[in-house]
$ cat final_23.cif   # mmCIF, C-alpha atoms
data_start
#
loop_
_atom_site.label_atom_id
_atom_site.label_comp_id
_atom_site.auth_asym_id
_atom_site.auth_seq_id
_atom_site.Cartn_x
_atom_site.Cartn_y
_atom_site.Cartn_z
CA MET A 1130 -7.90 10.63 3.15
CA ILE A 1131 -9.91 9.62 0.09
CA THR A 1132 -9.61 6.17 -1.47
CA TRP A 1133 -9.33 6.41 -5.25
CA ASN A 1134 -9.63 3.19 -7.23
CA PRO A 1135 -9.47 4.09 -10.94
CA TRP A 1136 -9.35 0.37 -11.73
CA HIS A 1137 -10.31 -2.76 -9.83
CA GLY A 1138 -9.09 -6.34 -9.89
CA CYS A 1139 -5.73 -8.01 -9.49
CA HIS A 1140 -3.91 -11.31 -9.80
CA LYS A 1141 -1.76 -13.02 -7.20
CA ILE A 1142 2.03 -12.89 -7.54
CA SER A 1143 3.58 -13.83 -4.17
CA ALA A 1144 2.97 -15.37 -0.74
CA GLY A 1145 1.35 -12.24 0.66
CA CYS A 1146 -1.43 -12.50 -1.92
CA ARG A 1147 -2.73 -15.90 -0.81
CA HIS A 1148 -5.74 -14.57 1.12
CA CYS A 1149 -6.14 -11.25 -0.71
CA TYR A 1150 -9.11 -9.23 0.56
CA VAL A 1151 -9.99 -8.12 -2.98
CA TYR A 1152 -10.81 -11.70 -3.93
CA ARG A 1153 -12.68 -12.21 -0.66
CA GLU A 1154 -14.80 -9.08 -1.02
CA ASP A 1155 -15.60 -9.74 -4.67
CA ALA A 1156 -16.82 -13.22 -3.73
CA ALA A 1157 -18.93 -11.80 -0.88
CA PHE A 1158 -20.60 -9.22 -3.10
CA GLY A 1159 -21.17 -11.66 -5.93
CA THR A 1160 -19.42 -9.81 -8.74
CA GLU A 1161 -20.06 -11.37 -12.13
CA LEU A 1162 -16.37 -11.12 -13.13
CA PRO A 1163 -13.51 -12.99 -11.44
CA PRO A 1164 -11.29 -10.85 -9.15
CA SER A 1165 -8.40 -11.26 -11.56
CA THR A 1166 -10.29 -9.27 -14.20
CA VAL A 1167 -8.80 -5.77 -14.15
CA ARG A 1168 -11.30 -3.15 -15.30
CA LYS A 1169 -11.81 0.59 -15.12
CA THR A 1170 -14.18 1.88 -12.45
CA ALA A 1171 -16.70 4.70 -12.31
CA SER A 1172 -14.18 6.57 -10.10
CA PHE A 1173 -11.57 6.88 -12.84
CA ASN A 1174 -11.50 10.70 -12.78
CA LEU A 1175 -12.48 11.14 -9.12
CA PRO A 1176 -10.07 13.99 -8.20
CA LEU A 1177 -11.44 16.14 -11.05
CA ARG A 1178 -15.11 15.87 -10.15
CA ARG A 1179 -17.05 19.05 -9.54
CA ASP A 1180 -20.21 19.88 -7.64
CA ARG A 1181 -23.29 21.65 -8.98
CA GLN A 1182 -21.60 25.01 -8.51
CA LYS A 1183 -18.70 23.80 -10.71
CA ASN A 1184 -16.31 23.74 -7.75
CA LEU A 1185 -13.94 20.83 -7.31
CA LYS A 1186 -15.48 18.32 -4.89
CA PHE A 1187 -12.13 17.59 -3.25
CA PRO A 1188 -10.35 20.74 -2.01
CA SER A 1189 -6.69 21.61 -2.10
CA GLY A 1190 -4.74 19.52 0.41
CA THR A 1191 -6.80 16.36 -0.04
CA THR A 1192 -4.82 13.10 0.16
CA PHE A 1193 -5.79 10.33 -2.25
CA ALA A 1194 -4.92 6.68 -1.56
CA LEU A 1195 -4.60 5.01 -4.96
CA CYS A 1196 -5.56 1.52 -6.09
CA PHE A 1197 -6.43 -0.22 -2.82
CA THR A 1198 -8.44 -2.82 -4.77
CA SER A 1199 -5.74 -3.43 -7.37
CA ASP A 1200 -2.10 -2.49 -7.95
CA PHE A 1201 -1.19 0.82 -9.56
CA LEU A 1202 1.53 -0.90 -11.59
CA ILE A 1203 -0.46 -3.93 -12.74
CA GLU A 1204 0.14 -4.80 -16.39
CA GLU A 1205 -3.49 -4.66 -17.50
CA ALA A 1206 -3.68 -0.97 -16.54
CA ASP A 1207 -0.81 0.12 -18.80
CA PRO A 1208 -3.17 1.66 -21.41
CA TRP A 1209 -4.89 3.82 -18.76
CA ARG A 1210 -2.06 4.90 -16.44
CA GLU A 1211 -0.95 7.96 -18.42
CA GLU A 1212 -4.42 9.46 -17.90
CA ILE A 1213 -3.98 9.00 -14.15
CA TRP A 1214 -0.56 10.66 -14.19
CA ALA A 1215 -2.19 13.58 -16.03
CA ILE A 1216 -4.83 13.89 -13.30
CA ILE A 1217 -2.12 13.79 -10.62
CA ARG A 1218 -0.26 16.59 -12.41
CA GLN A 1219 -3.45 18.60 -12.76
CA ARG A 1220 -4.19 18.21 -9.04
CA SER A 1221 -0.71 19.23 -7.91
CA ASP A 1222 -2.44 20.87 -4.94
CA CYS A 1223 -3.28 17.41 -3.56
CA SER A 1224 -1.20 14.45 -2.35
CA PHE A 1225 -1.30 10.91 -3.73
CA PHE A 1226 0.17 7.63 -2.56
CA PHE A 1227 0.08 4.01 -3.61
CA PHE A 1228 1.55 0.70 -2.44
CA THR A 1229 2.81 -1.91 -4.88
CA LYS A 1230 4.07 -5.48 -4.99
CA ARG A 1231 5.26 -4.83 -8.55
CA ILE A 1232 8.07 -2.37 -7.93
CA GLU A 1233 10.13 -3.96 -10.73
CA ARG A 1234 7.61 -2.44 -13.20
CA PHE A 1235 7.91 1.08 -11.81
CA ALA A 1236 10.53 2.46 -14.21
CA SER A 1237 8.55 1.32 -17.26
CA CYS A 1238 5.34 2.94 -15.96
CA LEU A 1239 6.59 6.48 -15.40
CA PRO A 1240 5.43 9.61 -17.23
CA SER A 1241 8.01 11.40 -19.38
CA ASP A 1242 8.28 14.37 -16.99
CA TRP A 1243 8.77 12.30 -13.80
CA GLY A 1244 12.42 13.31 -13.33
CA ASN A 1245 13.35 12.56 -9.72
CA GLY A 1246 9.72 12.16 -8.80
CA TYR A 1247 6.60 14.26 -8.31
CA GLU A 1248 6.61 16.15 -5.03
CA ASN A 1249 2.96 15.21 -4.41
CA VAL A 1250 3.39 11.43 -4.87
CA ALA A 1251 4.53 8.92 -2.24
CA VAL A 1252 5.25 5.29 -3.13
CA GLY A 1253 5.15 2.34 -0.76
CA CYS A 1254 6.92 -0.92 -1.58
CA THR A 1255 5.09 -3.86 -0.04
CA VAL A 1256 7.00 -6.87 1.32
CA GLU A 1257 5.68 -9.82 3.30
CA ASN A 1258 8.71 -11.98 4.03
CA GLN A 1259 12.50 -11.87 3.84
CA ASP A 1260 12.60 -13.27 0.32
CA ARG A 1261 10.39 -10.50 -1.11
CA ALA A 1262 12.21 -7.84 0.95
CA ASN A 1263 15.54 -8.92 -0.50
CA TYR A 1264 14.13 -8.90 -4.03
CA ARG A 1265 12.00 -5.76 -4.03
CA LEU A 1266 13.79 -3.32 -1.74
CA PRO A 1267 17.10 -3.03 -3.66
CA ILE A 1268 15.01 -2.16 -6.74
CA PHE A 1269 12.92 0.29 -4.70
CA LEU A 1270 15.97 2.11 -3.36
CA SER A 1271 17.47 2.43 -6.83
CA LEU A 1272 14.48 4.29 -8.29
CA PRO A 1273 13.86 8.06 -8.58
CA ILE A 1274 11.17 8.57 -5.92
CA ARG A 1275 10.85 11.61 -3.67
CA HIS A 1276 8.77 10.00 -0.90
CA ARG A 1277 9.27 6.32 -0.04
CA LEU A 1278 7.61 4.04 2.48
CA ILE A 1279 8.18 0.35 3.21
CA VAL A 1280 4.97 -1.55 3.92
CA VAL A 1281 5.48 -4.90 5.65
CA ALA A 1282 2.05 -6.46 5.20
CA PRO A 1283 0.79 -9.00 5.66
CA MET A 1284 3.81 -9.76 7.81
CA LEU A 1285 4.38 -13.50 7.52
CA GLU A 1286 7.66 -13.91 9.38
CA ARG A 1287 10.38 -12.03 11.23
CA ILE A 1288 12.09 -9.73 8.71
CA ASP A 1289 15.47 -8.04 8.90
CA LEU A 1290 15.32 -4.69 7.06
CA ARG A 1291 18.42 -3.11 8.56
CA GLN A 1292 20.41 -2.97 5.33
CA TYR A 1293 17.54 -1.08 3.65
CA LEU A 1294 16.73 1.42 6.41
CA ASP A 1295 18.34 4.59 5.08
CA PRO A 1296 16.70 7.56 6.85
CA GLU A 1297 17.61 9.81 3.92
CA ARG A 1298 15.48 7.72 1.56
CA ILE A 1299 12.85 5.90 3.66
CA GLU A 1300 10.27 8.13 5.34
CA GLU A 1301 8.36 5.44 7.25
CA VAL A 1302 8.00 1.70 7.79
CA SER A 1303 4.46 0.46 8.32
CA SER A 1304 3.55 -3.09 9.30
CA GLY A 1305 0.47 -5.17 9.91
CA GLY A 1306 -1.12 -8.59 9.91
CA GLU A 1307 -3.49 -10.40 7.60
CA SER A 1308 -7.26 -10.17 7.88
CA GLY A 1309 -9.94 -12.72 7.05
CA MET A 1310 -11.12 -16.11 8.27
CA TYR A 1311 -8.05 -17.92 6.93
CA ALA A 1312 -5.50 -15.27 7.91
CA ARG A 1313 -2.04 -16.33 8.96
CA THR A 1314 -1.09 -15.42 12.51
CA LEU A 1315 1.02 -12.34 13.22
CA ASN A 1316 3.58 -12.72 16.01
CA PHE A 1317 3.80 -9.52 18.05
CA ASP A 1318 7.49 -10.22 18.67
CA TRP A 1319 8.10 -9.66 14.94
CA ILE A 1320 6.50 -6.23 15.27
CA LEU A 1321 8.66 -5.32 18.27
CA ASP A 1322 11.79 -6.47 16.43
CA LEU A 1323 10.91 -4.36 13.38
CA GLN A 1324 10.17 -1.38 15.59
CA ALA A 1325 13.61 -1.75 17.21
CA GLN A 1326 15.24 -1.79 13.77
CA CYS A 1327 13.45 1.44 12.86
CA ARG A 1328 14.33 3.06 16.17
CA ALA A 1329 18.01 2.30 15.61
CA ALA A 1330 17.82 3.79 12.11
CA ASN A 1331 15.80 6.85 13.24
CA ILE A 1332 12.94 6.00 10.86
CA PRO A 1333 9.27 6.39 11.85
CA PHE A 1334 7.39 3.16 12.43
CA CYS A 1335 3.65 2.46 12.34
CA PHE A 1336 1.86 -0.71 13.46
CA HIS A 1337 -1.24 -0.15 11.36
CA GLN A 1338 -3.22 -3.38 11.80
CA THR A 1339 -3.11 -6.47 14.02
CA GLY A 1340 -4.71 -8.79 11.49
CA SER A 1341 -7.29 -11.39 12.50
CA TYR A 1342 -4.92 -13.48 14.63
CA LEU A 1343 -2.25 -11.98 16.89
CA LEU A 1344 0.17 -14.07 18.93
CA LYS A 1345 1.31 -12.16 22.00
CA ASP A 1346 2.92 -13.46 25.18
CA GLY A 1347 2.25 -17.05 24.18
CA LYS A 1348 -1.47 -16.53 23.54
CA THR A 1349 -3.23 -16.17 20.17
CA TYR A 1350 -5.99 -13.57 20.06
CA ARG A 1351 -8.75 -13.46 17.45
CA ILE A 1352 -9.45 -9.81 16.70
CA PRO A 1353 -12.63 -8.71 14.86
CA ARG A 1354 -12.05 -6.84 11.61
CA ASN A 1355 -13.51 -3.58 12.93
CA GLN A 1356 -11.04 -3.54 15.85
CA GLN A 1357 -7.79 -4.44 14.11
CA HIS A 1358 -6.62 -0.88 13.46
CA ALA A 1359 -7.64 0.36 16.91
CA GLN A 1360 -5.95 -2.55 18.69
CA ALA A 1361 -2.75 -1.90 16.75
CA ARG A 1362 -2.77 1.73 17.89
CA LYS A 1363 -3.40 0.64 21.50
CA ALA A 1364 -0.23 -1.44 21.40
CA GLY A 1365 1.66 1.86 21.67
CA VAL A 1366 4.61 0.88 19.48
CA ASP A 1367 4.42 3.61 16.83
CA LEU A 1368 7.48 5.82 16.44
CA GLY A 1369 8.00 9.32 15.15
CA ARG A 1370 11.34 10.78 14.09
#
$ encode --input "final_23.cif" --output "structure tokens"
Amino acid sequence: MITWNPWHGCHKISAGCRHCYVYREDAAFGTELPPSTVRKTASFNLPLRRDRQKNLKFPSGTTFALCFTSDFLIEEADPWREEIWAIIRQRSDCSFFFFTKRIERFASCLPSDWGNGYENVAVGCTVENQDRANYRLPIFLSLPIRHRLIVVAPMLERIDLRQYLDPERIEEVSSGGESGMYARTLNFDWILDLQAQCRAANIPFCFHQTGSYLLKDGKTYRIPRNQQHAQARKAGVDLGR
């Protein structure tokens, strides 16, 4: 998987954004612009780059993860997004996915030939609590998207997704905690409850990250950043179909 950030920068819109890693990393690296400044990056045309022999650097079958230091649907990127759709069409031999907290903007950001969705594009709707799930997921399910994922991250409370877990429309639910010094604690019981909901609906489930603080069996564990993905996998709660 290749991370592709054609633009960088974001602004906070809901509870899950409070300790956003984009702000934290920009502060650590001393960027001259505030994190909320959305700007194009040098990677804008990354999937089209060629090597010295004029061959595409990224072969057929490559998966690109879009906008992990911004939001693909952020308002400031409206003038540039059509160019990105054009690149995605041109690289129809590759797969692309993005997660968004701005699913209500999706319909207004589509290319004219979107139809029922591009076969090579997956979209993840991010929710962090019950309030945002109840707001975003009905919109998400109403949209023309071929491949849908629900991303519960950072998970801030127990969430009931049962009314949204349609196995014909949701391909996976992924969940994780919050990272960083000031991260809010993830309760492992919430993860087990969400896994049980997915099992009952026959939808794959992935526990992708513990976050910095994990409450399990009455004890809170502080987990270093470089172990959070591995510790989540070791929990052994992922589900396939």
$ closest_atom_pairs --input "final_23.cif" --of "segment 1253-1357 of chain A" --to "segment 1227-1231 of chain A" --cutoff "12 Å" --atoms "all atoms listed in the file" --output "Markdown table"
| residue | atom | partner | partner_atom | distance |
| --- | --- | --- | --- | --- |
| A:Gly1253 | CA | A:Phe1228 | CA | 4.3 |
| A:Cys1254 | CA | A:Thr1229 | CA | 5.4 |
| A:Thr1255 | CA | A:Lys1230 | CA | 5.3 |
| A:Val1256 | CA | A:Lys1230 | CA | 7.1 |
| A:Glu1257 | CA | A:Lys1230 | CA | 9.5 |
| A:Arg1261 | CA | A:Lys1230 | CA | 9.0 |
| A:Ala1262 | CA | A:Lys1230 | CA | 10.3 |
| A:Tyr1264 | CA | A:Lys1230 | CA | 10.7 |
| A:Arg1265 | CA | A:Lys1230 | CA | 8.0 |
| A:Leu1266 | CA | A:Lys1230 | CA | 10.5 |
| A:Ile1268 | CA | A:Arg1231 | CA | 10.3 |
| A:Phe1269 | CA | A:Arg1231 | CA | 10.0 |
| A:His1276 | CA | A:Phe1227 | CA | 10.9 |
| A:Arg1277 | CA | A:Phe1228 | CA | 9.8 |
| A:Leu1278 | CA | A:Phe1228 | CA | 8.5 |
| A:Ile1279 | CA | A:Phe1228 | CA | 8.7 |
| A:Val1280 | CA | A:Phe1228 | CA | 7.6 |
| A:Val1281 | CA | A:Phe1228 | CA | 10.6 |
| A:Ala1282 | CA | A:Lys1230 | CA | 10.4 |
| A:Pro1283 | CA | A:Lys1230 | CA | 11.7 |
| A:Ser1303 | CA | A:Phe1228 | CA | 11.1 |
$ closest_residue --input "final_23.cif" --among "A:Phe1336, A:Phe1201, A:Trp1209, A:Phe1226" --to "Leu1315 of chain A" --atoms "all atoms listed in the file"
A:Phe1336
$ resolve_selection --input "final_23.cif" --expression "the PyMOL selection byres ((chain A and resi 1220) around 12)" --output "ChimeraX atom specification"
/A:1174-1178,1185,1187-1193,1213-1219,1221-1225,1247-1250
$ residues_near_point --input "final_23.cif" --point "(-6.8, -0.9, -7.8)" --cutoff "7 Å" --atoms "only C-alpha atoms" --output "MDAnalysis selection string"
chainID A and resid 1134:1138 1195:1201
$ write_last_selection --input "final_23.cif" --atoms "C-alpha atoms" --output "PDB file, keeping the file's coordinate frame"
ATOM      1  CA  ASN A1134      -9.630   3.190  -7.230  1.00  0.00           C
ATOM      2  CA  PRO A1135      -9.470   4.090 -10.940  1.00  0.00           C
ATOM      3  CA  TRP A1136      -9.350   0.370 -11.730  1.00  0.00           C
ATOM      4  CA  HIS A1137     -10.310  -2.760  -9.830  1.00  0.00           C
ATOM      5  CA  GLY A1138      -9.090  -6.340  -9.890  1.00  0.00           C
ATOM      6  CA  LEU A1195      -4.600   5.010  -4.960  1.00  0.00           C
ATOM      7  CA  CYS A1196      -5.560   1.520  -6.090  1.00  0.00           C
ATOM      8  CA  PHE A1197      -6.430  -0.220  -2.820  1.00  0.00           C
ATOM      9  CA  THR A1198      -8.440  -2.820  -4.770  1.00  0.00           C
ATOM     10  CA  SER A1199      -5.740  -3.430  -7.370  1.00  0.00           C
ATOM     11  CA  ASP A1200      -2.100  -2.490  -7.950  1.00  0.00           C
ATOM     12  CA  PHE A1201      -1.190   0.820  -9.560  1.00  0.00           C
TER      13      PHE A1201
END
$ closest_residue --input "final_23.cif" --among "A:Arg1210, A:Arg1181, A:Arg1313, A:Arg1291" --to "Ala1325 of chain A" --atoms "all atoms listed in the file"
A:Arg1291
$ atom_distance --input "final_23.cif" --atom1 "atom CA of Tyr1311 of chain A" --atom2 "atom CA of Ala1364 of chain A"
23.3 Å
$ residues_around --input "final_23.cif" --residues "Ile1320 of chain A" --least-positions-apart "3" --cutoff "10 Å" --atoms "only C-alpha atoms" --output "PyMOL selection string"
chain A and resi 1281+1284+1286-1288+1303-1306+1315-1317+1323-1326+1334-1336+1339+1366
$ write_last_selection --input "final_23.cif" --atoms "C-alpha atoms" --output "PDB file, keeping the file's coordinate frame"
ATOM      1  CA  VAL A1281       5.480  -4.900   5.650  1.00  0.00           C
ATOM      2  CA  MET A1284       3.810  -9.760   7.810  1.00  0.00           C
ATOM      3  CA  GLU A1286       7.660 -13.910   9.380  1.00  0.00           C
ATOM      4  CA  ARG A1287      10.380 -12.030  11.230  1.00  0.00           C
ATOM      5  CA  ILE A1288      12.090  -9.730   8.710  1.00  0.00           C
ATOM      6  CA  SER A1303       4.460   0.460   8.320  1.00  0.00           C
ATOM      7  CA  SER A1304       3.550  -3.090   9.300  1.00  0.00           C
ATOM      8  CA  GLY A1305       0.470  -5.170   9.910  1.00  0.00           C
ATOM      9  CA  GLY A1306      -1.120  -8.590   9.910  1.00  0.00           C
ATOM     10  CA  LEU A1315       1.020 -12.340  13.220  1.00  0.00           C
ATOM     11  CA  ASN A1316       3.580 -12.720  16.010  1.00  0.00           C
ATOM     12  CA  PHE A1317       3.800  -9.520  18.050  1.00  0.00           C
ATOM     13  CA  LEU A1323      10.910  -4.360  13.380  1.00  0.00           C
ATOM     14  CA  GLN A1324      10.170  -1.380  15.590  1.00  0.00           C
ATOM     15  CA  ALA A1325      13.610  -1.750  17.210  1.00  0.00           C
ATOM     16  CA  GLN A1326      15.240  -1.790  13.770  1.00  0.00           C
ATOM     17  CA  PHE A1334       7.390   3.160  12.430  1.00  0.00           C
ATOM     18  CA  CYS A1335       3.650   2.460  12.340  1.00  0.00           C
ATOM     19  CA  PHE A1336       1.860  -0.710  13.460  1.00  0.00           C
ATOM     20  CA  THR A1339      -3.110  -6.470  14.020  1.00  0.00           C
ATOM     21  CA  VAL A1366       4.610   0.880  19.480  1.00  0.00           C
TER      22      VAL A1366
END
$ atom_distance --input "final_23.cif" --atom1 "atom CA of Ala1144 of chain A" --atom2 "atom CA of Ala1236 of chain A"
23.6 Å
$ residues_near_point --input "final_23.cif" --point "(-9.8, -7.4, 16.5)" --cutoff "6 Å" --atoms "only C-alpha atoms" --output "MDAnalysis selection string"
chainID A and resid 1352:1354 1356:1357
$ closest_residue --input "final_23.cif" --among "A:Ser1341, A:Leu1270, A:Arg1362, A:Ala1206" --to "Phe1173 of chain A" --atoms "all atoms listed in the file"
A:Ala1206
$ closest_residue --input "final_23.cif" --among "A:Glu1211, A:Ile1203, A:Lys1345, A:Thr1170" --to "Lys1141 of chain A" --atoms "all atoms listed in the file"
A:Ile1203
$ closest_residue --input "final_23.cif" --among "A:Trp1243, A:Asp1367, A:Ala1329, A:Trp1133" --to "Ala1171 of chain A" --atoms "only C-alpha atoms"
A:Trp1133
$ atom_distance --input "final_23.cif" --atom1 "atom CA of Glu1301 of chain A" --atom2 "atom CA of Glu1212 of chain A"
28.5 Å
$ build_atoms --input "final_23.cif" --residues "segment 1224-1235 of chain A" --atoms "N, CA and C atoms" --output "CSV table (one decimal), keeping the file's coordinate frame"
chain,number,residue,atom,x,y,z
A,1224,SER,N,-2.2,15.5,-2.5
A,1224,SER,CA,-1.2,14.4,-2.4
A,1224,SER,C,-1.8,13.1,-2.8
A,1225,PHE,N,-0.9,12.2,-3.3
A,1225,PHE,CA,-1.3,10.9,-3.7
A,1225,PHE,C,-0.3,9.9,-3.2
A,1226,PHE,N,-0.8,8.7,-2.9
A,1226,PHE,CA,0.2,7.6,-2.6
A,1226,PHE,C,-0.4,6.3,-3.0
A,1227,PHE,N,0.5,5.4,-3.3
A,1227,PHE,CA,0.1,4.0,-3.6
A,1227,PHE,C,1.1,3.0,-3.1
A,1228,PHE,N,0.7,1.8,-2.8
A,1228,PHE,CA,1.6,0.7,-2.4
A,1228,PHE,C,1.6,-0.3,-3.6
A,1229,THR,N,2.7,-1.0,-3.8
A,1229,THR,CA,2.8,-1.9,-4.9
A,1229,THR,C,3.7,-3.1,-4.5
A,1230,LYS,N,3.2,-4.3,-5.0
A,1230,LYS,CA,4.1,-5.5,-5.0
A,1230,LYS,C,4.8,-5.7,-6.3
A,1231,ARG,N,4.7,-4.7,-7.2
A,1231,ARG,CA,5.3,-4.8,-8.6
A,1231,ARG,C,6.3,-3.7,-8.8
A,1232,ILE,N,7.1,-3.5,-7.8
A,1232,ILE,CA,8.1,-2.4,-7.9
A,1232,ILE,C,9.0,-2.5,-9.1
A,1233,GLU,N,9.3,-3.7,-9.6
A,1233,GLU,CA,10.1,-4.0,-10.7
A,1233,GLU,C,9.5,-3.4,-12.0
A,1234,ARG,N,8.3,-3.0,-12.0
A,1234,ARG,CA,7.6,-2.4,-13.2
A,1234,ARG,C,7.6,-0.9,-13.1
A,1235,PHE,N,8.1,-0.3,-12.0
A,1235,PHE,CA,7.9,1.1,-11.8
A,1235,PHE,C,8.6,1.9,-12.9
